[in-house]
$ cat input06.cif   # mmCIF, C-alpha atoms and all ligand atoms
data_my_file
loop_
_atom_site.label_atom_id
_atom_site.label_comp_id
_atom_site.auth_asym_id
_atom_site.auth_seq_id
_atom_site.Cartn_x
_atom_site.Cartn_y
_atom_site.Cartn_z
CA MET A 21 6.39 -4.32 -35.68
CA ASN A 22 6.76 -0.73 -34.48
CA ALA A 23 4.45 0.99 -32.04
CA LEU A 24 4.09 4.56 -30.85
CA LEU A 25 3.74 4.84 -27.06
CA LEU A 26 2.25 8.09 -25.75
CA VAL A 27 2.94 8.53 -22.05
CA ASP A 28 0.46 10.43 -19.86
CA ILE A 29 -0.48 13.24 -22.24
CA GLN A 30 -3.31 14.35 -19.97
CA ASN A 31 -4.86 17.69 -18.98
CA ASP A 32 -3.42 17.73 -15.47
CA PHE A 33 0.14 17.61 -16.85
CA LEU A 34 -0.40 20.63 -19.13
CA PRO A 35 -0.16 24.29 -18.13
CA GLY A 36 -3.39 25.03 -16.22
CA GLY A 37 -3.56 21.48 -14.88
CA ALA A 38 -3.03 20.23 -11.34
CA LEU A 39 0.57 19.07 -11.89
CA PRO A 40 1.65 21.25 -14.78
CA VAL A 41 4.75 20.25 -16.71
CA PRO A 42 6.36 23.38 -18.21
CA GLN A 43 5.52 23.45 -21.94
CA GLY A 44 3.71 20.15 -21.56
CA ASP A 45 1.17 21.29 -24.15
CA GLN A 46 3.92 21.39 -26.78
CA VAL A 47 4.14 17.61 -26.97
CA VAL A 48 0.59 17.35 -28.33
CA PRO A 49 1.30 18.52 -31.91
CA VAL A 50 4.32 16.19 -31.96
CA ALA A 51 2.13 13.24 -30.94
CA LEU A 52 -0.46 14.16 -33.56
CA ARG A 53 2.13 14.45 -36.34
CA LEU A 54 3.44 10.97 -35.55
CA LEU A 55 0.14 9.16 -34.94
CA ASP A 56 -0.54 8.54 -38.63
CA ARG A 57 2.92 7.14 -39.22
CA PHE A 58 2.55 4.10 -36.97
CA PRO A 59 0.59 0.92 -37.56
CA LEU A 60 -0.08 0.75 -33.82
CA CYS A 61 -0.46 3.42 -31.18
CA VAL A 62 -0.67 2.74 -27.45
CA ALA A 63 -1.17 5.37 -24.74
CA SER A 64 -0.84 5.33 -20.98
CA LYS A 65 -3.04 7.25 -18.59
CA ASP A 66 -2.15 8.13 -15.03
CA TRP A 67 -5.42 7.07 -13.36
CA HIS A 68 -5.48 7.55 -9.61
CA PRO A 69 -8.24 6.93 -7.06
CA PRO A 70 -8.90 9.96 -4.77
CA ASN A 71 -7.21 8.20 -1.82
CA HIS A 72 -3.98 7.60 -3.74
CA ILE A 73 -0.73 7.34 -1.75
CA SER A 74 1.08 9.82 -4.02
CA PHE A 75 -1.23 12.71 -3.07
CA ALA A 76 0.21 15.01 -0.36
CA VAL A 77 -3.33 15.61 1.01
CA ASN A 78 -3.57 11.93 1.92
CA HIS A 79 -0.64 12.23 4.36
CA PRO A 80 -1.23 14.14 7.61
CA GLY A 81 0.98 17.23 7.40
CA GLY A 82 2.22 16.09 4.00
CA GLU A 83 3.50 18.72 1.60
CA VAL A 84 3.91 18.63 -2.15
CA GLY A 85 7.50 17.80 -3.03
CA GLN A 86 8.16 16.01 0.24
CA VAL A 87 9.50 12.46 0.03
CA VAL A 88 7.93 9.84 2.30
CA GLN A 89 8.97 6.26 2.95
CA THR A 90 6.61 3.50 1.83
CA PRO A 91 6.88 -0.30 1.80
CA TYR A 92 8.00 -0.04 -1.86
CA GLY A 93 10.58 2.70 -1.26
CA PRO A 94 10.64 6.51 -1.32
CA GLN A 95 7.56 8.26 -2.71
CA VAL A 96 7.44 11.91 -3.81
CA LEU A 97 4.22 13.60 -2.73
CA TRP A 98 2.27 15.31 -5.52
CA PRO A 99 -0.77 17.54 -5.77
CA VAL A 100 -4.03 15.69 -6.39
CA HIS A 101 -3.85 14.87 -10.13
CA CYS A 102 -5.30 12.56 -12.76
CA VAL A 103 -8.15 11.37 -10.58
CA GLN A 104 -10.11 8.63 -12.34
CA GLU A 105 -12.89 9.98 -14.57
CA SER A 106 -11.94 13.63 -13.90
CA TRP A 107 -11.26 16.30 -16.51
CA GLY A 108 -7.59 16.33 -15.48
CA ALA A 109 -7.24 12.67 -16.38
CA GLN A 110 -8.59 13.11 -19.90
CA PHE A 111 -6.24 13.21 -22.87
CA ALA A 112 -5.03 16.71 -23.72
CA PRO A 113 -7.06 18.76 -26.21
CA GLY A 114 -6.22 17.65 -29.73
CA LEU A 115 -5.17 14.20 -28.60
CA ASP A 116 -8.59 13.63 -27.03
CA GLU A 117 -10.22 14.29 -30.41
CA ALA A 118 -7.71 11.93 -32.03
CA SER A 119 -8.20 9.21 -29.44
CA GLY A 120 -9.99 7.02 -32.02
CA ARG A 121 -6.54 6.51 -33.54
CA ILE A 122 -5.19 5.11 -30.27
CA ASP A 123 -5.47 1.33 -30.36
CA HIS A 124 -4.99 0.57 -26.69
CA VAL A 125 -4.96 2.58 -23.45
CA VAL A 126 -3.10 1.38 -20.35
CA TYR A 127 -4.30 2.69 -16.98
CA LYS A 128 -1.69 2.97 -14.23
CA GLY A 129 -1.50 4.16 -10.64
CA THR A 130 -4.94 2.69 -9.98
CA ASP A 131 -4.01 0.96 -6.70
CA PRO A 132 -4.41 3.41 -3.76
CA GLN A 133 -1.39 1.89 -2.01
CA ILE A 134 1.28 2.16 -4.72
CA ASP A 135 2.34 4.60 -7.42
CA SER A 136 3.16 3.64 -10.98
CA TYR A 137 5.44 5.90 -12.99
CA SER A 138 6.19 3.20 -15.52
CA ALA A 139 3.51 2.18 -18.00
CA PHE A 140 4.67 -1.44 -17.47
CA PHE A 141 4.89 -2.00 -13.69
CA ASP A 142 4.03 -0.29 -10.42
CA ASN A 143 6.92 1.39 -8.58
CA GLY A 144 7.51 -1.72 -6.46
CA ARG A 145 7.56 -3.86 -9.65
CA ARG A 146 4.91 -6.02 -8.02
CA ARG A 147 2.15 -5.86 -10.55
CA SER A 148 2.21 -5.54 -14.30
CA THR A 149 -0.20 -3.20 -16.10
CA GLY A 150 -0.59 -5.72 -18.93
CA LEU A 151 1.24 -3.49 -21.41
CA GLU A 152 4.08 -5.95 -21.97
CA GLN A 153 1.64 -8.74 -22.82
CA SER A 154 -0.44 -6.60 -25.13
CA LEU A 155 2.66 -5.48 -27.03
CA HIS A 156 3.89 -9.05 -27.36
CA ASP A 157 0.42 -10.16 -28.52
CA ARG A 158 0.64 -7.57 -31.27
CA GLY A 159 4.19 -8.53 -32.26
CA VAL A 160 5.74 -5.24 -31.20
CA GLU A 161 9.53 -5.22 -30.94
CA HIS A 162 10.31 -1.53 -31.29
CA LEU A 163 8.72 1.22 -29.22
CA TYR A 164 8.78 4.91 -30.11
CA VAL A 165 8.14 6.81 -26.89
CA LEU A 166 7.11 10.37 -26.13
CA GLY A 167 5.03 12.19 -23.56
CA LEU A 168 5.11 13.47 -19.99
CA ALA A 169 7.14 13.76 -17.99
CA THR A 170 10.73 13.10 -19.11
CA ASP A 171 12.02 12.86 -15.53
CA TYR A 172 9.27 10.60 -14.18
CA CYS A 173 6.92 8.52 -16.26
CA VAL A 174 8.81 8.66 -19.55
CA ARG A 175 12.02 7.74 -17.79
CA TRP A 176 10.59 4.81 -15.82
CA THR A 177 8.68 3.54 -18.85
CA VAL A 178 11.73 3.61 -21.13
CA GLU A 179 13.93 1.94 -18.51
CA ASP A 180 11.41 -0.88 -18.11
CA ALA A 181 10.99 -1.24 -21.88
CA LEU A 182 14.76 -1.61 -22.30
CA ARG A 183 14.95 -4.15 -19.46
CA LEU A 184 12.14 -6.10 -21.08
CA GLY A 185 14.11 -6.29 -24.31
CA PHE A 186 12.24 -3.83 -26.52
CA GLN A 187 14.16 -1.63 -28.90
CA VAL A 188 13.36 1.91 -27.79
CA THR A 189 13.50 5.21 -29.62
CA VAL A 190 12.70 8.34 -27.61
CA VAL A 191 11.33 11.34 -29.49
CA ARG A 192 13.18 14.25 -27.86
CA ASP A 193 10.85 17.10 -28.77
CA GLY A 194 7.85 14.99 -27.82
CA CYS A 195 8.87 15.04 -24.15
CA ARG A 196 9.00 17.69 -21.42
CA ALA A 197 10.19 17.41 -17.80
CA VAL A 198 8.58 18.41 -14.50
CA ASN A 199 12.02 19.88 -13.72
CA PRO A 200 13.14 21.24 -17.09
CA GLN A 201 16.83 21.17 -16.15
CA GLU A 202 16.46 17.38 -15.85
CA HIS A 203 15.20 16.89 -19.40
CA GLU A 204 18.52 16.65 -21.24
CA PRO A 205 20.46 14.71 -18.53
CA VAL A 206 17.67 12.13 -18.34
CA LEU A 207 17.64 11.72 -22.12
CA GLN A 208 21.42 11.21 -22.05
CA GLN A 209 21.06 8.54 -19.35
CA LEU A 210 18.39 6.76 -21.36
CA GLN A 211 20.68 6.81 -24.38
CA GLN A 212 23.47 5.28 -22.29
CA GLN A 213 21.07 2.53 -21.27
CA GLY A 214 20.42 1.72 -24.91
CA ALA A 215 17.65 4.00 -26.12
CA ARG A 216 17.99 5.80 -29.44
CA LEU A 217 17.22 9.53 -29.37
CA VAL A 218 15.63 11.26 -32.37
CA THR A 219 13.68 14.40 -33.13
CA SER A 220 10.24 14.15 -34.69
CA ASP A 221 11.64 15.88 -37.79
CA GLN A 222 14.26 13.13 -38.14
CA LEU A 223 11.60 10.49 -37.69
CA LEU A 224 9.32 12.01 -40.30
CA GLN A 225 12.20 11.95 -42.77
CA GLU A 226 12.81 8.23 -42.23
CA PRO A 227 10.83 5.74 -44.34
CA ALA A 228 7.39 5.14 -42.78
CA ALA A 229 7.57 2.86 -39.76
C1 LIG B 301 3.84 11.68 -13.41
C2 LIG B 301 4.28 12.54 -11.33
C3 LIG B 301 3.17 11.91 -10.80
C4 LIG B 301 4.23 11.58 -14.84
C5 LIG B 301 2.74 11.04 -12.90
O1 LIG B 301 3.36 11.27 -15.69
O2 LIG B 301 5.41 11.81 -15.16
N1 LIG B 301 4.61 12.42 -12.60
N2 LIG B 301 2.40 11.16 -11.60
ZN ZN B 302 0.56 10.31 -10.86
#
$ encode --input "input06.cif" --output "structure tokens" --more "lines below"
Ligand code: VGL
Ligand code: ZN
Amino acid sequence: MNALLLVDIQNDFLPGGALPVPQGDQVVPVALRLLDRFPLCVASKDWHPPNHISFAVNHPGGEVGQVVQTPYGPQVLWPVHCVQESWGAQFAPGLDEASGRIDHVVYKGTDPQIDSYSAFFDNGRRRSTGLEQSLHDRGVEHLYVLGLATDYCVRWTVEDALRLGFQVTVVRDGCRAVNPQEHEPVLQQLQQQGARLVTSDQLLQEPAA
């Protein structure tokens, strides 16, 4: 069984949002084109409480971009983003309207004390989000991944998926990076770790998944 996994395609990661990913809006039409092709679609949402450890404002003197030490390792400080129930945490326009076609949503980064880039585990790999179990329950063996951002949540999600034994295909043009110069090197690293890279055009030419 194949599943499409949409990573963090939320307002705050689009231009105009709190943590804008350059051209982040351009992944939405790619996601919409692929949605109909998959028997199962799962999406992750970054879903932080206001007192989340990743927010610079929650560290005295903390600045965005600074790296602080935490019990689970280094943590980059971010602007306040994807606060639970806020506009910024909603799916991007277009995807929000199509959200009836998303079978399952995984919420991550919900614990104030630890971040969660991966849709599978928190950054300390202490707690699971339940995504692995729900994919196994549905008989999923192959994940097709796209979303935001290539250099953070897509990367960590794909690395965990590979470690967990899923076959992984990353849809190149369905991803954008916080640091655009990181996009291609990260994709190359993911390929070296065992992910297949395709474009959405290539995928749409393959027999339906
Ligand atoms: C993300 C930074 C902070 C992401 C989430 O979705 O890539 N990046 N929170
Ligand atoms: Zn976040």
$ closest_atom_pairs --input "input06.cif" --of "chain A" --to "ligand LIG 301 (chain B)" --cutoff "7 Å" --atoms "all atoms listed in the file" --output "tab-separated table"
residue	atom	partner	partner_atom	distance
A:Val27	CA	B:LIG301	O1	6.9
A:Asp28	CA	B:LIG301	O1	5.1
A:Asp66	CA	B:LIG301	C5	6.1
A:Trp98	CA	B:LIG301	C3	6.3
A:Tyr137	CA	B:LIG301	C5	5.8
A:Leu168	CA	B:LIG301	O2	5.1
A:Ala169	CA	B:LIG301	O2	3.8
A:Thr170	CA	B:LIG301	O2	6.8
A:Asp171	CA	B:LIG301	O2	6.7
A:Tyr172	CA	B:LIG301	O2	4.2
A:Cys173	CA	B:LIG301	O2	3.8
A:Val174	CA	B:LIG301	O2	6.4
$ residues_near_ligand --input "input06.cif" --ligand "ligand ZN 302 (chain B)" --cutoff "7 Å" --atoms "all atoms listed in the file" --output "list in words"
Asp66, His68, Ser74, His101, Cys102, Gly129, Asp135 and Tyr137 of chain A
$ residues_around --input "input06.cif" --residues "A:Val191" --least-positions-apart "5" --cutoff "8 Å" --atoms "all atoms listed in the file" --output "JSON, numbers by chain"
{"A": [164, 165, 166, 217, 218, 219, 220]}
$ closest_residue --input "input06.cif" --among "A:Val84, A:Val188, A:Cys195, A:Asn78" --to "A:Gln212" --atoms "all atoms listed in the file"
A:Val188
$ closest_residue --input "input06.cif" --among "A:Met21, A:Gly144, A:Trp67, A:Val62" --to "A:Pro91" --atoms "only C-alpha atoms"
A:Gly144
$ atom_distance --input "input06.cif" --atom1 "atom CA of A:Ala23" --atom2 "atom CA of A:Val125"
12.8 Å
